[in-house]
Each structure stands twice: as structure tokens, then as C-alpha cells.
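Q: Here it is, the structure in full.
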Amino acid sequence: MSKKTGTHVLESPALALTLMAAFWAAAVFLILRANGTCGEGDSIGHYQYARYAPIHPALFFHHWAKPLFVLLASPFAQLGFTGIKIFNVLASALTIFLTWQTALLLKIKRNALAVLFMILSPALITHSLSGLTEPLFALVLIASVFLYLKNKYILSILLISFLPFVRSEGLMICGVFALLLLIERRFFLVPLLAAGHVVYSVAGYKIHGTLFWVFTKIPYARLSSAYGKGTWGHFFVHLPQIIGIPLCGLLILGLIALIISLVKRVSVLDNIREWLLIYGCFLVYFFAHVVFWGLGIFNSFGLMRVLIGILPLMCLIELRGFNLIDIFPSPKVKMAFLVIGLFCIIVFPFAKSEYAWHYKRDFCLTVSQQTKLELFNYVQQNFPDYKLRNYYLDATYLDDLLDVDPFDKKVSKFTWEAYQSPPDNKSLLMWDDWDSKVEMNLPLTAVTGNPNWAQVKEFSGKEDWGVTRTIILFKSTVK
């Protein structure tokens, strides 16, 4: 470390690039070796929309799937789930780079640590190896912030205008950008925030039959949630799932740094951009989700992974918090805090903690997926013509295993559709205890009590926390 408490070393481009290379090495290894999908619901669902959009063009304008995500991810999804992992890893790698570059623009000391904080946030790499939309959201957000700080105002605003088509929370972020434009008297740029909506409104008109589909088709525009509501402290208590305990401490210190800068009345012209683009976007996004889950509105499920969308902003705030070590006048005290702090940050993701990385839990198939894989292997062995059969199922992972187009209703239907008309004699039904029972509200008794179906075999497995996952295969009895 240098006499300036490691500032020179921790601002080295070589260090930043080396850390990025470490992220790439880990990501490539996990893409090649780990078979996990970071869950099996939304992760696989978004992947399937991207994969089958060229066959079903309407999927390019599906609001839940997120049109911009589908458009950009679709070429990668043609390579299978490995392709979508590559796409999201690329997005995260660019996000890490731009987070570092943004720290440079803001002249934040020890800027290479922004890279370290990103790659050691436990949730980043786990969710990059998925089909989820959060990594792309984080990329578009930090790219827009970076461009604005570079005074590339038009490019920044045009890019951020498309953020709602990666995740709906982009509407809130657009609001923060609009406020900054008004404060800086760039009134002529405010209308550009509507560019994304105008483009997609027109592009999707033939599919939806209305220009207003970009608003009316938002799946979260409801003052209720199918998942109920949670506690107001949920996102505070479980934040370590995303960034770990040490970085949570730095995030708090970073918010204290904001208060200090406000109390000291630092020139508004020098800091308004960081206050709004970094702190403002973070606080608006974070507390919005606190309220959504606390009130049970906008179909919130209290999922912590949504915070990955603002992870680059969090890491910049954490860096501000880390730099509070400069308030100590003694170089030895600074050095002690720096070394201890870095040690805790580096070691934590590898420690024995529920918030640290666990290879089997985070990078491998879930117990639920393993039961579905067992079912698939059974079908392969006992139904040689399985590729010619029709399926009634609700779990997206089964579509992927069977290599069935989930949007082709001739071969893949939801379980409840089995009651609209009698199945043919080649049909198989796969009932599971989450997608069928909870998401589709179809109790097992509805299937076992139906004479059109005969149970073939049950597959089950127990999660680490004691919950048993079950999936049952039925075959049609119709002659």
C-alpha cells in the first residue's frame, strides 16, 4: 500500500482490469460446469420468450417478457439456456466496467474498489447465470448514468427511455432523470423520455390493436398482489442476500456520506448529478419496492433479486462509504480500517454464511428441478414416442427438458386446459405442487378425480429447509 493509505494502488487501472478478468474466468467456468438456472420460474420463462420470439413474433411485444430484453437476448437464446447465460454475463461484465468508469467520472477515490464490490456482491454472478431481466436493467441504467455524466445528454435520455421495456421500474427511474433535466433547465430534452414508449407503441400496434398497449398491458398495474403482502422491513432485513453483510455496512456509511455532504452544503452544481443519478435513483427504486411489498400492490412478491437492477448504484454508494476512512487523521488508523475492511469484504462471500456463495444451492439445479429431470428421464425411457405426444403442464422447466415450444398450444397446454375438452390418447399431464397447485390454482384432487387421467408415477425430493417438492405424471385414459 502507498503512503496515501492505498489510494494509488486502489486506483490502478491494472487492478480494475485484473478484477474484471477474474469475474470473466469465474463466469466461464460456471457456464461450462454448473447446470443451474437460478430458479426455474421467471428465469426460464424469460429465456423461453426470447428463444421462441422468432417463431412467434408477437412475443417481441409481450409486456411481461419485456420487449427490449426479448429483442436483445433472442439471438443468444437460440443457443439454448447456455446462450442466455452468456448474454447476461456479457451484460454484467459491461455493467462492472461502466460502474468503474462512472466512479472515475465522479472522481471517487479508490475507484478500482467499485469493481471489487460488484464482483463480490453474492447475487451478481448467481443471477448473471440466468434468464432474468435484472442484469440488463442494471446495464442500461448505469450506461445512461455514465452517458449523462459524460454530457452525452441526448444519448443518455434516449437510452433511459427504453428502460421500462427491460423492467417496469424503469418508469420510476425516468422520473428521476426528468427531475434532473428540469433542475438543470434542459427542458427541451424532457420529451425525449417518451421516445421508448413512442417507438414500442407504434411497433406493437399491429399485434395489440392499440397504441396504448404500452400502458394497458403492464402486468403489474394493479393495487393488489396475488402473493399477498409482507413486512415493511423485508428488504432491509434480507439485503445481505444481494450484497453480503460487510457491503451492507458500507452502504449505510455511503448514505451517511450523503448526509454529511448535504449538511456541509457542498455546491449543488457540483453534486446534484450524483445526488440524483446515484443516490436518488437508488432510494426511489429501493423504497418503492419496500412500499409495494408492504402494501401488497403492483403484484409484488417481495423478491430480493429486483435489487440487482440498482447494484451498480449501490456499489458506488458503498465506495463513498468506504472512503469515509479519510476522516481519520492518523495514517496508521486509516490503514488498519482499510485492511480490515477489505479482508472482511473479500472473505465474506466464501464464508460459512447463509448469505455467502454455496455452489450446490446457487449454481446447480434446485430440488424441484431435479424431480422434474427424473420425470423427464422416466418419460424418455418409458414413452419412446414422447416427442410426438401432447403435454399438459405448468412448469416452464419441463417444456425446456422436453424441448417443447410452450407457445404452441397444439403440443403444450396448461393443466387446467385439460378440462376444456377431453385429451387425446397420446396426452401426458404433469402436475406439480407449485406451478399447478399455487400458480394455476389446480388442486391434485382435480386430476386424480378425473376419469380421463390415470396416475403413472410420482417423483419427489426434499429441500434443505424441509419442504417436499412433488411432481406427478399422468397419462390419458381416452381411447
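To be explicit about the labels: the chains of the C-alpha cells are called A, B, and onward in the order shown, and within each one the residues are counted from 1, while ligands get numbers from 1 in the order they are shown.
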Within 9 Å of Phe322 (chain A), counting only C-alpha atoms, which residues show up once you throw out same-chain ones fewer than 3 positions away? Write them as a PyMOL selection string, please.

A: chain A and resi 110+250-251+253-254+317-319+325-326+338+341

Q: Restricting the calculation to only C-alpha atoms: of A:Ile183, A:Pro54, A:Asn35, A:Leu113, which residue gets closest to Leu15 (chain A)?

A: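 Closest candidate: A:Leu113.
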
Q: Could you give me, as a ChimeraX atom specification, each residue of region 41-247 of chain A that DSSP assigns to helix (DSSP H, G or I) when run on this structure's backbone?

A: /A:42-52,57-61,67-77,81-105,113-119,122-128,134-149,153-160,163-165,170-183,187-203,205-208,213-216,234-237,240-247

Q: My list of candidates is A:Ile242, A:Val166, A:Leu59, A:Cys315. Which is closest to Ile207 (chain A) when distances are computed with only C-alpha atoms?

A: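 Residue with the minimum atom-to-atom distance to Ile207 (chain A): A:Leu59.
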
Q: Report the distance between CA of Pro349 (chain A) and CA of Phe282 (chain A) in Å, rounded to one decimal place.

A: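 The value is 23.1 Å.
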
Q: Would you kindly return, as a short mmCIF file (atom, residue, chain, number, x, y, z; two decimals) with N, CA and C atoms, in the first residue's frame, each protein, DNA or RNA residue with an atom no farther than 12 Å from any atom of Trp434 (chain A), considering only C-alpha atoms and excluding same-chain residues fewer than 2 positions away?

A:
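Listed below is the output, around23.cif:
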data_model
loop_
_atom_site.label_atom_id
_atom_site.label_comp_id
_atom_site.auth_asym_id
_atom_site.auth_seq_id
_atom_site.Cartn_x
_atom_site.Cartn_y
_atom_site.Cartn_z
N GLU A 40 -36.37 -21.65 -11.47
CA GLU A 40 -36.96 -22.26 -12.67
C GLU A 40 -38.21 -21.56 -13.15
N GLY A 41 -38.63 -20.51 -12.46
CA GLY A 41 -39.84 -19.82 -12.88
C GLY A 41 -39.55 -18.73 -13.89
N SER A 368 -36.49 -29.10 -6.81
CA SER A 368 -37.68 -29.14 -7.67
C SER A 368 -37.30 -29.50 -9.10
N GLN A 369 -36.22 -28.90 -9.61
CA GLN A 369 -35.77 -29.21 -10.96
C GLN A 369 -35.26 -30.63 -11.07
N LEU A 393 -48.98 -29.19 -18.89
CA LEU A 393 -48.02 -28.94 -17.82
C LEU A 393 -47.96 -27.44 -17.53
N ASP A 394 -47.44 -27.11 -16.36
CA ASP A 394 -47.36 -25.70 -15.95
C ASP A 394 -45.94 -25.25 -15.66
N ALA A 395 -45.03 -26.16 -15.39
CA ALA A 395 -43.65 -25.83 -15.06
C ALA A 395 -42.85 -25.57 -16.33
N THR A 396 -42.31 -24.36 -16.44
CA THR A 396 -41.56 -23.99 -17.64
C THR A 396 -40.34 -24.89 -17.86
N MET A 430 -48.63 -33.39 -16.38
CA MET A 430 -47.62 -33.34 -15.33
C MET A 430 -48.02 -32.28 -14.31
N TRP A 431 -48.52 -32.76 -13.17
CA TRP A 431 -48.98 -31.86 -12.10
C TRP A 431 -47.87 -31.68 -11.09
N ASP A 432 -47.59 -30.41 -10.71
CA ASP A 432 -46.58 -30.19 -9.68
C ASP A 432 -47.15 -29.32 -8.55
N SER A 436 -48.67 -25.84 -10.70
CA SER A 436 -50.05 -26.30 -10.90
C SER A 436 -50.94 -25.92 -9.72
N LYS A 437 -50.45 -26.23 -8.53
CA LYS A 437 -51.26 -26.03 -7.32
C LYS A 437 -51.41 -24.56 -6.94
N VAL A 438 -50.30 -23.82 -6.95
CA VAL A 438 -50.32 -22.44 -6.48
C VAL A 438 -50.58 -21.45 -7.61
N GLU A 439 -49.74 -21.51 -8.66
CA GLU A 439 -49.86 -20.54 -9.74
C GLU A 439 -51.14 -20.73 -10.55
N MET A 440 -51.50 -21.99 -10.84
CA MET A 440 -52.69 -22.27 -11.66
C MET A 440 -53.92 -22.63 -10.83
N ASN A 441 -53.72 -22.71 -9.51
CA ASN A 441 -54.84 -22.98 -8.61
C ASN A 441 -55.58 -24.27 -8.96
N LEU A 442 -54.80 -25.30 -9.34
CA LEU A 442 -55.39 -26.58 -9.68
C LEU A 442 -54.99 -27.62 -8.62
N PRO A 443 -55.91 -28.00 -7.73
CA PRO A 443 -55.57 -28.99 -6.69
C PRO A 443 -55.36 -30.37 -7.29
N LEU A 444 -54.59 -31.17 -6.61
CA LEU A 444 -54.29 -32.52 -7.10
C LEU A 444 -55.56 -33.34 -7.26
N VAL A 467 -39.07 -28.58 3.00
CA VAL A 467 -40.25 -28.63 2.14
C VAL A 467 -40.07 -29.72 1.08
N THR A 468 -41.08 -30.55 0.92
CA THR A 468 -41.04 -31.63 -0.08
C THR A 468 -41.64 -31.14 -1.39
N ARG A 469 -40.90 -31.29 -2.46
CA ARG A 469 -41.37 -30.92 -3.79
C ARG A 469 -41.85 -32.17 -4.51
N THR A 470 -43.02 -32.06 -5.13
CA THR A 470 -43.65 -33.22 -5.76
C THR A 470 -44.12 -32.90 -7.17
N ILE A 471 -43.91 -33.84 -8.07
CA ILE A 471 -44.48 -33.75 -9.41
C ILE A 471 -44.98 -35.14 -9.77
N ILE A 472 -46.16 -35.19 -10.38
CA ILE A 472 -46.82 -36.46 -10.67
C ILE A 472 -47.15 -36.55 -12.16
#

Q: Considering only C-alpha atoms, return as a ChimeraX atom specification whatever protein or nucleic-acid residues lie within 10 Å of Phe236 (chain A), sequence-local ones (same chain, fewer than 5 positions apart) excluded.

A: /A:248,286-287,290,304

Q: May I have the selected residues written with N, CA and C atoms, as a PDB file, in the first residue's frame?

A:
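Result written to selection10.pdb:
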ATOM      1  N   CYS A 248     -23.237  -4.281   3.163  1.00  0.00           N
ATOM      2  CA  CYS A 248     -24.404  -3.617   3.747  1.00  0.00           C
ATOM      3  C   CYS A 248     -23.941  -2.505   4.683  1.00  0.00           C
ATOM      4  N   PHE A 286     -35.398   1.513  -4.317  1.00  0.00           N
ATOM      5  CA  PHE A 286     -35.402   0.661  -3.125  1.00  0.00           C
ATOM      6  C   PHE A 286     -36.679   0.854  -2.317  1.00  0.00           C
ATOM      7  N   PHE A 287     -37.013   2.099  -1.998  1.00  0.00           N
ATOM      8  CA  PHE A 287     -38.178   2.331  -1.147  1.00  0.00           C
ATOM      9  C   PHE A 287     -39.489   2.075  -1.872  1.00  0.00           C
ATOM     10  N   VAL A 290     -40.028  -1.468  -1.163  1.00  0.00           N
ATOM     11  CA  VAL A 290     -40.429  -1.609   0.243  1.00  0.00           C
ATOM     12  C   VAL A 290     -41.927  -1.368   0.379  1.00  0.00           C
ATOM     13  N   MET A 304     -36.050 -10.381  -3.548  1.00  0.00           N
ATOM     14  CA  MET A 304     -34.858  -9.576  -3.317  1.00  0.00           C
ATOM     15  C   MET A 304     -34.058  -9.345  -4.594  1.00  0.00           C
TER      16      MET A 304
END

Q: Looking at A:Tyr153, A:Phe81, A:Tyr200, A:Phe177, which one is nearest to His63 (chain A), with distances taken over only C-alpha atoms?

A: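 Smallest separation from His63 (chain A) among the options: A:Tyr200.
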
Q: Give me, as a compact mmCIF listing (two decimals) with C-alpha atoms, in the first residue's frame, all polymer residues having an atom no more than 8 Å from region 293-300 of chain A, counting only C-alpha atoms and skipping those fewer than 3 positions away in the same chain.

A:
# COMPACT_ATOMS: atom_id res chain seq x y z
CA TYR A 220 -48.19 -5.03 -12.58
CA ALA A 221 -50.65 -2.15 -12.90
CA ARG A 222 -52.94 -3.30 -10.10
CA LEU A 223 -53.36 -2.24 -6.48
CA SER A 224 -53.10 -5.83 -5.26
CA SER A 225 -50.80 -8.83 -5.39
CA ALA A 226 -51.57 -12.48 -6.00
CA TYR A 227 -48.86 -13.21 -3.43
CA GLY A 228 -50.34 -11.16 -0.60
CA LYS A 229 -48.12 -8.72 1.25
CA GLY A 230 -45.09 -8.80 3.51
CA THR A 231 -43.43 -6.88 6.30
CA TRP A 232 -42.13 -3.34 5.91
CA HIS A 289 -40.19 -1.96 -3.54
CA VAL A 290 -40.43 -1.61 0.24
CA LEU A 303 -38.28 -10.82 -4.41

Q: So that I can check the surroundings of Trp100 (chain A), please list as a list in words every protein, DNA and RNA residue that reaches within 8 Å of it, counting only C-alpha atoms and ignoring chain neighbours fewer than 3 positions away.

A: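 Once the nearby chain positions are removed, what remains is Ala16, Ile96, Phe97, Ala103, Leu104, Asn111, Ala112, Ala114 and Val115 of chain A.
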
Q: If you keep C-alpha atoms, can you produce a file of those selected residues as a PDB file, in the first residue's frame?

A:
ATOM      1  CA  ALA A  16      -9.579  -2.925 -12.010  1.00  0.00           C
ATOM      2  CA  ILE A  96     -18.966  -3.741 -13.983  1.00  0.00           C
ATOM      3  CA  PHE A  97     -16.813  -1.831 -16.475  1.00  0.00           C
ATOM      4  CA  ALA A 103     -16.570   6.150 -10.393  1.00  0.00           C
ATOM      5  CA  LEU A 104     -13.745   7.733 -12.414  1.00  0.00           C
ATOM      6  CA  ASN A 111     -12.253   3.701  -7.729  1.00  0.00           C
ATOM      7  CA  ALA A 112     -10.996   0.184  -8.529  1.00  0.00           C
ATOM      8  CA  ALA A 114     -16.127  -0.350  -7.356  1.00  0.00           C
ATOM      9  CA  VAL A 115     -15.175  -3.392  -9.443  1.00  0.00           C
TER      10      VAL A 115
END

Q: For Trp275 (chain A), work out the shell of residues within 9 Å, counting only C-alpha atoms and skipping chain neighbours fewer than 5 positions away, then give it as JSON, numbers by chain.

A: {"A": [258, 280, 281]}

Q: Rank A:Glu274, A:Asp385, A:Asp42, A:Asp362 by their smallest atom-to-atom distance to Lys426 (chain A), using only C-alpha atoms, and report the top residue only.

A: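 Selected residue with least distance to Lys426 (chain A): A:Asp385.
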
Q: Can you work out which one of A:Val202, A:Ile340, A:Ala123, A:Cys38 has the shortest atom-to-atom distance to Ile84 (chain A), counting only C-alpha atoms?

A: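 Between A:Val202, A:Ile340, A:Ala123, A:Cys38, the residue approaching Ile84 (chain A) most closely is A:Cys38.
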